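A short worksheet on the structure shown next.
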Amino acid sequence: MAVTETLKSTVEQYSTASNQAFKDGVEKSLAALAEANTHSKKNLEAVVASVTAATKGAEALGAEAFAYSKKAAEDQVAAAKALAGAKSVQEAVELQTAWAKSALEAYIAQVSKASEIVSASIKDSVKPLNERVTATVEKFQAAR
């Protein structure tokens, strides 16, 4: 009878330990899955923020290019009218030279402005992705 009780007690202990180990394993798996889902959600949010920033930058660059093109066309028309009203060849050369100089300066300023917009857009677009990479690296380092 003592052997039967010992065997029964051992089986119950094994069964209880197995059930607890299985329950712990399932809970750990569910926790890991929830953490992976949270991580994936944050990654997706970072990608959306990055694309949004890139789109905003592209819109700003497009608006700036359109405004520059419109102004440049208006300046060209005004220069052509002034050139048509020149009284001498010397005046025509001076008008053409002044227009060319101002057009070049405006172009250089526009390239600089466009470069700043692109640079800011890239910085804003990469920031959310860099933050996610940093968070992931820190998590892996903490796990070690």
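Scheme for the structure tokens: letters A, B, ... for chains in order shown; per-chain residue numbers from 1; ligand numbers from 1 in order shown.
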Do you know which residues are at most 10 Å from Lys127 of chain A counting only C-alpha atoms, after dropping those on the same chain fewer than 3 positions away, and could you put them as a JSON list (two decimals) with C-alpha atoms, in the first residue's frame?
```json
[["chain", "number", "residue", "atom", "x", "y", "z"],
["A", 46, "ALA", "CA", 7.85, 54.47, -37.64],
["A", 49, "ALA", "CA", 5.95, 58.57, -39.88],
["A", 50, "SER", "CA", 8.96, 58.29, -42.18],
["A", 53, "ALA", "CA", 7.83, 63.18, -43.48],
["A", 121, "SER", "CA", 13.22, 66.02, -45.39],
["A", 122, "ILE", "CA", 15.80, 63.23, -45.28],
["A", 123, "LYS", "CA", 16.60, 64.02, -41.63],
["A", 124, "ASP", "CA", 12.89, 63.98, -40.70],
["A", 130, "ASN", "CA", 16.70, 55.41, -36.45],
["A", 131, "GLU", "CA", 14.72, 55.54, -33.22],
["A", 132, "ARG", "CA", 13.32, 52.05, -33.87],
["A", 133, "VAL", "CA", 16.78, 50.68, -34.72]]
```
For this session: Just the residues within 12 Å of Thr136 of chain A, please, counting only C-alpha atoms, with nothing from its chain fewer than 3 positions along; format it as a VMD selection string.
Result: chain A and resid 36 39 to 40 42 to 43 129 to 133 139 to 143
With all heavy atoms retained, write the just-selected residues as a tab-separated table (two decimals), in the first residue's frame.
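Result went into selection33.tsv, see below:
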```
chain	number	residue	atom	x	y	z
A	36	ALA	N	6.17	40.88	-29.57
A	36	ALA	CA	6.51	40.95	-31.00
A	36	ALA	C	5.48	41.79	-31.76
A	36	ALA	O	5.84	42.57	-32.64
A	36	ALA	CB	6.61	39.54	-31.59
A	39	HIS	N	6.13	45.37	-30.95
A	39	HIS	CA	7.34	45.80	-31.68
A	39	HIS	C	7.02	46.05	-33.16
A	39	HIS	O	7.43	47.06	-33.73
A	39	HIS	CB	8.42	44.73	-31.52
A	39	HIS	CG	9.73	45.10	-32.10
A	39	HIS	ND1	10.56	46.03	-31.52
A	39	HIS	CD2	10.36	44.68	-33.22
A	39	HIS	CE1	11.65	46.16	-32.26
A	39	HIS	NE2	11.55	45.36	-33.29
A	40	SER	N	6.27	45.13	-33.75
A	40	SER	CA	5.89	45.28	-35.16
A	40	SER	C	5.01	46.51	-35.37
A	40	SER	O	5.17	47.22	-36.37
A	40	SER	CB	5.16	44.03	-35.65
A	40	SER	OG	6.02	42.93	-35.65
A	42	LYS	N	5.03	49.26	-33.56
A	42	LYS	CA	5.89	50.43	-33.46
A	42	LYS	C	6.73	50.60	-34.73
A	42	LYS	O	6.96	51.73	-35.18
A	42	LYS	CB	6.78	50.34	-32.22
A	42	LYS	CG	6.02	50.52	-30.94
A	42	LYS	CD	6.93	50.41	-29.73
A	42	LYS	CE	6.16	50.57	-28.43
A	42	LYS	NZ	7.03	50.42	-27.26
A	43	ASN	N	7.20	49.49	-35.29
A	43	ASN	CA	7.96	49.57	-36.54
A	43	ASN	C	7.09	50.12	-37.67
A	43	ASN	O	7.54	50.97	-38.45
A	43	ASN	CB	8.51	48.20	-36.93
A	43	ASN	CG	9.66	47.76	-36.06
A	43	ASN	OD1	10.23	48.54	-35.32
A	43	ASN	ND2	10.00	46.49	-36.13
A	129	LEU	N	12.89	55.94	-38.10
A	129	LEU	CA	13.50	54.63	-38.35
A	129	LEU	C	14.73	54.44	-37.47
A	129	LEU	O	14.95	53.35	-36.93
A	129	LEU	CB	13.87	54.51	-39.84
A	129	LEU	CG	12.70	54.64	-40.81
A	129	LEU	CD1	13.19	54.58	-42.24
A	129	LEU	CD2	11.65	53.58	-40.56
A	130	ASN	N	15.53	55.50	-37.33
A	130	ASN	CA	16.70	55.41	-36.45
A	130	ASN	C	16.29	55.14	-35.00
A	130	ASN	O	16.97	54.39	-34.30
A	130	ASN	CB	17.52	56.70	-36.52
A	130	ASN	CG	18.38	56.77	-37.74
A	130	ASN	OD1	18.66	55.77	-38.39
A	130	ASN	ND2	18.82	57.96	-38.08
A	131	GLU	N	15.21	55.76	-34.58
A	131	GLU	CA	14.72	55.54	-33.22
A	131	GLU	C	14.34	54.08	-33.00
A	131	GLU	O	14.63	53.50	-31.95
A	131	GLU	CB	13.54	56.46	-32.92
A	131	GLU	CG	13.93	57.92	-32.79
A	131	GLU	CD	12.74	58.86	-32.69
A	131	GLU	OE1	11.58	58.40	-32.83
A	131	GLU	OE2	12.97	60.06	-32.48
A	132	ARG	N	13.71	53.46	-33.99
A	132	ARG	CA	13.32	52.05	-33.87
A	132	ARG	C	14.56	51.16	-33.86
A	132	ARG	O	14.63	50.18	-33.10
A	132	ARG	CB	12.38	51.64	-35.01
A	132	ARG	CG	11.02	52.26	-34.93
A	132	ARG	CD	10.30	52.03	-33.61
A	132	ARG	NE	10.23	50.63	-33.29
A	132	ARG	CZ	10.28	50.13	-32.05
A	132	ARG	NH1	10.39	50.92	-31.01
A	132	ARG	NH2	10.22	48.84	-31.85
A	133	VAL	N	15.54	51.47	-34.70
A	133	VAL	CA	16.78	50.68	-34.72
A	133	VAL	C	17.48	50.80	-33.36
A	133	VAL	O	17.93	49.80	-32.80
A	133	VAL	CB	17.70	51.12	-35.87
A	133	VAL	CG1	19.08	50.50	-35.73
A	133	VAL	CG2	17.09	50.74	-37.21
A	139	LYS	N	17.37	46.83	-26.81
A	139	LYS	CA	16.66	45.66	-26.29
A	139	LYS	C	17.53	44.41	-26.37
A	139	LYS	O	17.59	43.61	-25.43
A	139	LYS	CB	15.38	45.47	-27.07
A	139	LYS	CG	14.51	44.35	-26.54
A	139	LYS	CD	13.21	44.32	-27.26
A	139	LYS	CE	12.34	43.28	-26.61
A	139	LYS	NZ	10.97	43.66	-26.59
A	140	PHE	N	18.22	44.22	-27.50
A	140	PHE	CA	19.10	43.07	-27.64
A	140	PHE	C	20.28	43.14	-26.65
A	140	PHE	O	20.68	42.13	-26.09
A	140	PHE	CB	19.62	42.94	-29.08
A	140	PHE	CG	18.65	42.32	-30.02
A	140	PHE	CD1	18.30	42.96	-31.20
A	140	PHE	CD2	18.06	41.10	-29.74
A	140	PHE	CE1	17.40	42.40	-32.06
A	140	PHE	CE2	17.14	40.53	-30.60
A	140	PHE	CZ	16.81	41.17	-31.77
A	141	GLN	N	20.80	44.34	-26.46
A	141	GLN	CA	21.91	44.49	-25.51
A	141	GLN	C	21.45	44.22	-24.09
A	141	GLN	O	22.19	43.64	-23.30
A	141	GLN	CB	22.51	45.88	-25.62
A	141	GLN	CG	23.34	46.08	-26.89
A	141	GLN	CD	23.89	47.47	-27.04
A	141	GLN	OE1	23.43	48.40	-26.38
A	141	GLN	NE2	24.87	47.63	-27.90
A	142	ALA	N	20.25	44.62	-23.75
A	142	ALA	CA	19.71	44.38	-22.41
A	142	ALA	C	19.45	42.89	-22.20
A	142	ALA	O	19.55	42.40	-21.07
A	142	ALA	CB	18.44	45.19	-22.20
A	143	ALA	N	19.11	42.20	-23.27
A	143	ALA	CA	18.81	40.76	-23.17
A	143	ALA	C	20.08	39.93	-22.94
A	143	ALA	O	20.00	38.81	-22.45
A	143	ALA	CB	18.09	40.28	-24.42
```
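Considering the residues A:Glu59, A:Ala98, A:Glu91, A:Ala135 and counting only C-alpha atoms, Gln76 of chain A has its shortest atom-to-atom contact with A:Ala98.
Atom pair atom CA of Leu61 of chain A / atom CA of Ile117 of chain A has a distance of 6.4 Å (rounded to one decimal).
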